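Content type PDB, C-alpha atoms, pLDDT in the B column, from the file model_7.pdb:
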ATOM      1  CA  MET S  21      34.424  89.736-179.866  1.00 67.00           C
ATOM      2  CA  LYS S  22      34.128  93.491-179.392  1.00 69.00           C
ATOM      3  CA  LYS S  23      34.366  93.109-175.614  1.00 69.00           C
ATOM      4  CA  VAL S  24      37.564  91.101-175.872  1.00 62.00           C
ATOM      5  CA  SER S  25      39.158  93.677-178.191  1.00 64.00           C
ATOM      6  CA  LEU S  26      38.097  96.507-175.904  1.00 60.00           C
ATOM      7  CA  ILE S  27      39.510  94.761-172.834  1.00 68.00           C
ATOM      8  CA  ILE S  28      42.814  94.090-174.596  1.00 69.00           C
ATOM      9  CA  LEU S  29      43.115  97.717-175.731  1.00 64.00           C
ATOM     10  CA  LEU S  30      42.266  98.973-172.263  1.00 60.00           C
ATOM     11  CA  ALA S  31      44.817  96.672-170.620  1.00 62.00           C
ATOM     12  CA  ALA S  32      47.493  97.688-173.129  1.00 63.00           C
ATOM     13  CA  GLY S  33      46.777 101.367-172.486  1.00 62.00           C
ATOM     14  CA  ILE S  34      47.073 100.942-168.729  1.00 62.00           C
ATOM     15  CA  ALA S  35      50.269  98.917-169.057  1.00 59.00           C
ATOM     16  CA  PHE S  36      51.762 101.489-171.414  1.00 58.00           C
ATOM     17  CA  THR S  37      51.158 104.465-169.127  1.00 58.00           C
ATOM     18  CA  SER S  38      51.956 102.751-165.850  1.00 65.00           C
ATOM     19  CA  CYS S  39      55.416 101.603-166.965  1.00 83.00           C
ATOM     20  CA  GLN S  40      56.685 105.062-167.832  1.00 89.00           C
ATOM     21  CA  LYS S  41      59.787 106.294-166.036  1.00 93.00           C
ATOM     22  CA  GLU S  42      61.170 109.790-165.776  1.00 95.00           C
ATOM     23  CA  TYR S  43      64.470 110.506-167.521  1.00 97.00           C
ATOM     24  CA  VAL S  44      66.721 113.518-168.065  1.00 97.00           C
ATOM     25  CA  CYS S  45      69.015 114.124-171.034  1.00 97.00           C
ATOM     26  CA  VAL S  46      72.590 114.694-169.818  1.00 97.00           C
ATOM     27  CA  CYS S  47      75.338 116.059-172.084  1.00 97.00           C
ATOM     28  CA  THR S  48      78.905 117.233-171.513  1.00 97.00           C
ATOM     29  CA  TYR S  49      80.131 120.616-172.748  1.00 96.00           C
ATOM     30  CA  THR S  50      83.111 120.023-175.042  1.00 94.00           C
ATOM     31  CA  ASP S  51      85.006 123.151-173.942  1.00 95.00           C
ATOM     32  CA  SER S  52      84.641 122.948-170.146  1.00 96.00           C
ATOM     33  CA  GLY S  53      83.785 119.290-169.479  1.00 96.00           C
ATOM     34  CA  GLU S  54      80.846 120.334-167.264  1.00 97.00           C
ATOM     35  CA  LYS S  55      77.590 118.416-167.455  1.00 96.00           C
ATOM     36  CA  SER S  56      74.419 119.937-168.882  1.00 95.00           C
ATOM     37  CA  TYR S  57      71.088 118.596-167.615  1.00 96.00           C
ATOM     38  CA  GLY S  58      68.131 118.979-169.972  1.00 94.00           C
ATOM     39  CA  ASP S  59      64.421 118.793-169.311  1.00 90.00           C
ATOM     40  CA  LYS S  60      62.884 115.838-167.543  1.00 93.00           C
ATOM     41  CA  MET S  61      60.751 113.609-169.751  1.00 93.00           C
ATOM     42  CA  LYS S  62      58.706 110.470-169.324  1.00 93.00           C
ATOM     43  CA  ALA S  63      59.198 107.428-171.519  1.00 92.00           C
ATOM     44  CA  GLY S  64      57.876 103.904-171.441  1.00 89.00           C
ATOM     45  CA  PRO S  65      59.352 100.691-172.768  1.00 86.00           C
ATOM     46  CA  PHE S  66      58.030 101.421-176.272  1.00 87.00           C
ATOM     47  CA  THR S  67      59.161 105.052-176.425  1.00 91.00           C
ATOM     48  CA  LYS S  68      62.499 104.948-174.587  1.00 92.00           C
ATOM     49  CA  ALA S  69      64.508 104.167-177.736  1.00 93.00           C
ATOM     50  CA  ALA S  70      63.079 107.192-179.561  1.00 94.00           C
ATOM     51  CA  THR S  71      63.648 109.390-176.502  1.00 94.00           C
ATOM     52  CA  GLU S  72      67.253 108.178-176.219  1.00 95.00           C
ATOM     53  CA  GLN S  73      67.843 108.867-179.926  1.00 95.00           C
ATOM     54  CA  GLY S  74      66.436 112.382-179.545  1.00 94.00           C
ATOM     55  CA  CYS S  75      68.789 113.017-176.657  1.00 95.00           C
ATOM     56  CA  GLU S  76      71.795 111.673-178.579  1.00 94.00           C
ATOM     57  CA  ASN S  77      70.948 113.992-181.496  1.00 94.00           C
ATOM     58  CA  ASN S  78      71.872 116.937-179.263  1.00 92.00           C
ATOM     59  CA  ASP S  79      75.523 116.105-180.043  1.00 90.00           C
ATOM     60  CA  GLU S  80      74.979 117.050-183.688  1.00 89.00           C
ATOM     61  CA  LEU S  81      72.458 119.846-183.130  1.00 89.00           C
ATOM     62  CA  SER S  82      74.752 121.741-180.785  1.00 89.00           C
ATOM     63  CA  GLY S  83      77.316 122.414-183.510  1.00 90.00           C
ATOM     64  CA  GLY S  84      80.024 120.577-181.568  1.00 90.00           C
ATOM     65  CA  GLY S  85      79.289 122.307-178.253  1.00 94.00           C
ATOM     66  CA  LEU S  86      77.995 119.134-176.582  1.00 95.00           C
ATOM     67  CA  LYS S  87      79.188 115.540-176.508  1.00 96.00           C
ATOM     68  CA  ASP S  88      78.263 112.210-174.881  1.00 96.00           C
ATOM     69  CA  CYS S  89      74.511 112.981-174.653  1.00 96.00           C
ATOM     70  CA  HIS S  90      72.560 110.160-173.015  1.00 96.00           C
ATOM     71  CA  LEU S  91      69.512 109.525-170.810  1.00 95.00           C
ATOM     72  CA  GLU S  92      69.755 109.080-167.065  1.00 96.00           C
ATOM     73  CA  ASP S  93      67.059 108.236-164.535  1.00 94.00           C
ATOM     74  CA  ALA S  94      65.660 111.445-163.088  1.00 91.00           C
TER      75      ALA S  94
END
Once you've parsed the file, please lay out its structure as structure tokens.
Amino acid sequence: MKKVSLIILLAAGIAFTSCQKEYVCVCTYTDSGEKSYGDKMKAGPFTKAATEQGCENNDELSGGGLKDCHLEDA
């Protein structure tokens, strides 16, 4: 039973890391309309939603200086 659990955990770990893609957070400056490109980050299928939410929070954290923040493929 321990071998089966270990194999499942190992396979899940490999699947989790191998499916990660690189993204960049892109926002638009409200005053000029120019795009702002943030840092590149990696996210997998389980972490993409949290990464997207973090990017979208830049709208509020910027004090109104940024809008339409979203992830794009890097």
Next item on the list: For the file shown, report as a ChimeraX atom specification the outcome of the PyMOL selection byres ((chain S and resi 77) around 12) at residue level.
Entry: /S:45-47,70-76,78-84,86-91
Note to self: Residue by residue, what does the PyMOL selection byres ((chain S and resi 44) around 7) grab here? Present the result as a list in words.
What the structure shows: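 For this structure, the PyMOL selection byres ((chain S and resi 44) around 7) resolves to Tyr43, Cys45, Val46, Tyr57, Gly58, Asp59, Lys60, Met61, Leu91, Glu92, Asp93 and Ala94 of chain S.
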Note to self: To one decimal place in Å, what is the distance between CA of Glu54 (chain S) and CA of Thr67 (chain S)?
What the structure shows: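 Calculated distance between CA of Glu54 (chain S) and CA of Thr67 (chain S) is 28.1 Å.
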Notebook entry, point to check: Taking into account all atoms listed in the file, which residue in the set S:Ala69, S:Gly85, S:Ala63, S:Gly53 is nearest to Gln40 (chain S)?
Noted result: S:Ala63
Padded axis-aligned box of region 53-68 of chain S (5 Å per side), centre and edge lengths, Å, one decimal, as AutoDock Vina command-line options:
--center_x 70.8 --center_y 110.5 --center_z -171.8 --size_x 35.9 --size_y 29.6 --size_z 19.2
Show me that you can extract region 62-75 of chain S, keeping all heavy atoms, and write it as an mmCIF file, in the first residue's frame.
data_model
loop_
_atom_site.group_PDB
_atom_site.id
_atom_site.type_symbol
_atom_site.label_atom_id
_atom_site.label_comp_id
_atom_site.auth_asym_id
_atom_site.auth_seq_id
_atom_site.Cartn_x
_atom_site.Cartn_y
_atom_site.Cartn_z
ATOM 1 N N LYS S 62 5.491 31.506 -13.471
ATOM 2 C CA LYS S 62 5.024 30.198 -13.912
ATOM 3 C C LYS S 62 3.818 29.792 -13.087
ATOM 4 O O LYS S 62 3.760 30.037 -11.888
ATOM 5 C CB LYS S 62 6.128 29.159 -13.758
ATOM 6 C CG LYS S 62 7.229 29.323 -14.769
ATOM 7 C CD LYS S 62 8.194 28.174 -14.712
ATOM 8 C CE LYS S 62 9.253 28.362 -15.784
ATOM 9 N NZ LYS S 62 10.147 27.213 -15.850
ATOM 10 N N ALA S 63 2.857 29.176 -13.752
ATOM 11 C CA ALA S 63 1.660 28.686 -13.069
ATOM 12 C C ALA S 63 1.187 27.430 -13.777
ATOM 13 O O ALA S 63 1.293 27.305 -14.990
ATOM 14 C CB ALA S 63 0.559 29.739 -13.076
ATOM 15 N N GLY S 64 0.690 26.515 -12.999
ATOM 16 C CA GLY S 64 0.135 25.274 -13.525
ATOM 17 C C GLY S 64 -1.375 25.324 -13.494
ATOM 18 O O GLY S 64 -1.979 26.338 -13.119
ATOM 19 N N PRO S 65 -2.006 24.233 -13.860
ATOM 20 C CA PRO S 65 -3.471 24.219 -13.900
ATOM 21 C C PRO S 65 -4.108 24.456 -12.534
ATOM 22 O O PRO S 65 -5.203 24.988 -12.446
ATOM 23 C CB PRO S 65 -3.811 22.825 -14.434
ATOM 24 C CG PRO S 65 -2.564 22.035 -14.353
ATOM 25 C CD PRO S 65 -1.419 22.974 -14.281
ATOM 26 N N PHE S 66 -3.407 24.087 -11.454
ATOM 27 C CA PHE S 66 -3.974 24.260 -10.118
ATOM 28 C C PHE S 66 -3.692 25.640 -9.547
ATOM 29 O O PHE S 66 -4.379 26.089 -8.640
ATOM 30 C CB PHE S 66 -3.426 23.191 -9.165
ATOM 31 C CG PHE S 66 -3.701 21.792 -9.636
ATOM 32 C CD1 PHE S 66 -2.677 20.996 -10.109
ATOM 33 C CD2 PHE S 66 -4.988 21.286 -9.632
ATOM 34 C CE1 PHE S 66 -2.934 19.714 -10.562
ATOM 35 C CE2 PHE S 66 -5.250 20.007 -10.083
ATOM 36 C CZ PHE S 66 -4.217 19.212 -10.546
ATOM 37 N N THR S 67 -2.691 26.332 -10.052
ATOM 38 C CA THR S 67 -2.309 27.624 -9.485
ATOM 39 C C THR S 67 -2.626 28.805 -10.405
ATOM 40 O O THR S 67 -2.443 29.942 -10.008
ATOM 41 C CB THR S 67 -0.800 27.643 -9.164
ATOM 42 O OG1 THR S 67 -0.061 27.363 -10.354
ATOM 43 C CG2 THR S 67 -0.456 26.628 -8.099
ATOM 44 N N LYS S 68 -3.103 28.559 -11.601
ATOM 45 C CA LYS S 68 -3.366 29.647 -12.538
ATOM 46 C C LYS S 68 -4.455 30.590 -12.027
ATOM 47 O O LYS S 68 -4.345 31.808 -12.170
ATOM 48 C CB LYS S 68 -3.751 29.125 -13.916
ATOM 49 C CG LYS S 68 -3.893 30.276 -14.903
ATOM 50 C CD LYS S 68 -4.208 29.844 -16.294
ATOM 51 C CE LYS S 68 -4.313 31.094 -17.161
ATOM 52 N NZ LYS S 68 -5.167 30.929 -18.273
ATOM 53 N N ALA S 69 -5.489 30.057 -11.404
ATOM 54 C CA ALA S 69 -6.580 30.911 -10.914
ATOM 55 C C ALA S 69 -6.069 31.883 -9.852
ATOM 56 O O ALA S 69 -6.424 33.063 -9.870
ATOM 57 C CB ALA S 69 -7.711 30.065 -10.352
ATOM 58 N N ALA S 70 -5.233 31.405 -8.943
ATOM 59 C CA ALA S 70 -4.684 32.273 -7.903
ATOM 60 C C ALA S 70 -3.736 33.304 -8.513
ATOM 61 O O ALA S 70 -3.714 34.471 -8.092
ATOM 62 C CB ALA S 70 -3.961 31.448 -6.847
ATOM 63 N N THR S 71 -2.964 32.912 -9.508
ATOM 64 C CA THR S 71 -2.049 33.821 -10.178
ATOM 65 C C THR S 71 -2.832 34.895 -10.929
ATOM 66 O O THR S 71 -2.482 36.079 -10.898
ATOM 67 C CB THR S 71 -1.132 33.050 -11.145
ATOM 68 O OG1 THR S 71 -0.469 32.014 -10.423
ATOM 69 C CG2 THR S 71 -0.106 33.940 -11.780
ATOM 70 N N GLU S 72 -3.892 34.503 -11.591
ATOM 71 C CA GLU S 72 -4.756 35.454 -12.312
ATOM 72 C C GLU S 72 -5.390 36.444 -11.336
ATOM 73 O O GLU S 72 -5.430 37.643 -11.594
ATOM 74 C CB GLU S 72 -5.850 34.698 -13.074
ATOM 75 C CG GLU S 72 -6.810 35.586 -13.834
ATOM 76 C CD GLU S 72 -6.286 36.032 -15.185
ATOM 77 O OE1 GLU S 72 -5.663 35.218 -15.875
ATOM 78 O OE2 GLU S 72 -6.497 37.196 -15.533
ATOM 79 N N GLN S 73 -5.852 35.953 -10.191
ATOM 80 C CA GLN S 73 -6.474 36.829 -9.194
ATOM 81 C C GLN S 73 -5.448 37.824 -8.653
ATOM 82 O O GLN S 73 -5.758 39.004 -8.483
ATOM 83 C CB GLN S 73 -7.053 35.999 -8.037
ATOM 84 C CG GLN S 73 -7.806 36.827 -7.025
ATOM 85 C CD GLN S 73 -9.029 37.498 -7.630
ATOM 86 O OE1 GLN S 73 -9.784 36.889 -8.371
ATOM 87 N NE2 GLN S 73 -9.216 38.763 -7.327
ATOM 88 N N GLY S 74 -4.227 37.373 -8.415
ATOM 89 C CA GLY S 74 -3.177 38.268 -7.954
ATOM 90 C C GLY S 74 -2.885 39.363 -8.964
ATOM 91 O O GLY S 74 -2.656 40.520 -8.604
ATOM 92 N N CYS S 75 -2.890 39.006 -10.219
ATOM 93 C CA CYS S 75 -2.669 39.987 -11.281
ATOM 94 C C CYS S 75 -3.821 40.993 -11.323
ATOM 95 O O CYS S 75 -3.597 42.200 -11.402
ATOM 96 C CB CYS S 75 -2.523 39.274 -12.622
ATOM 97 S SG CYS S 75 -2.299 40.370 -14.033
#
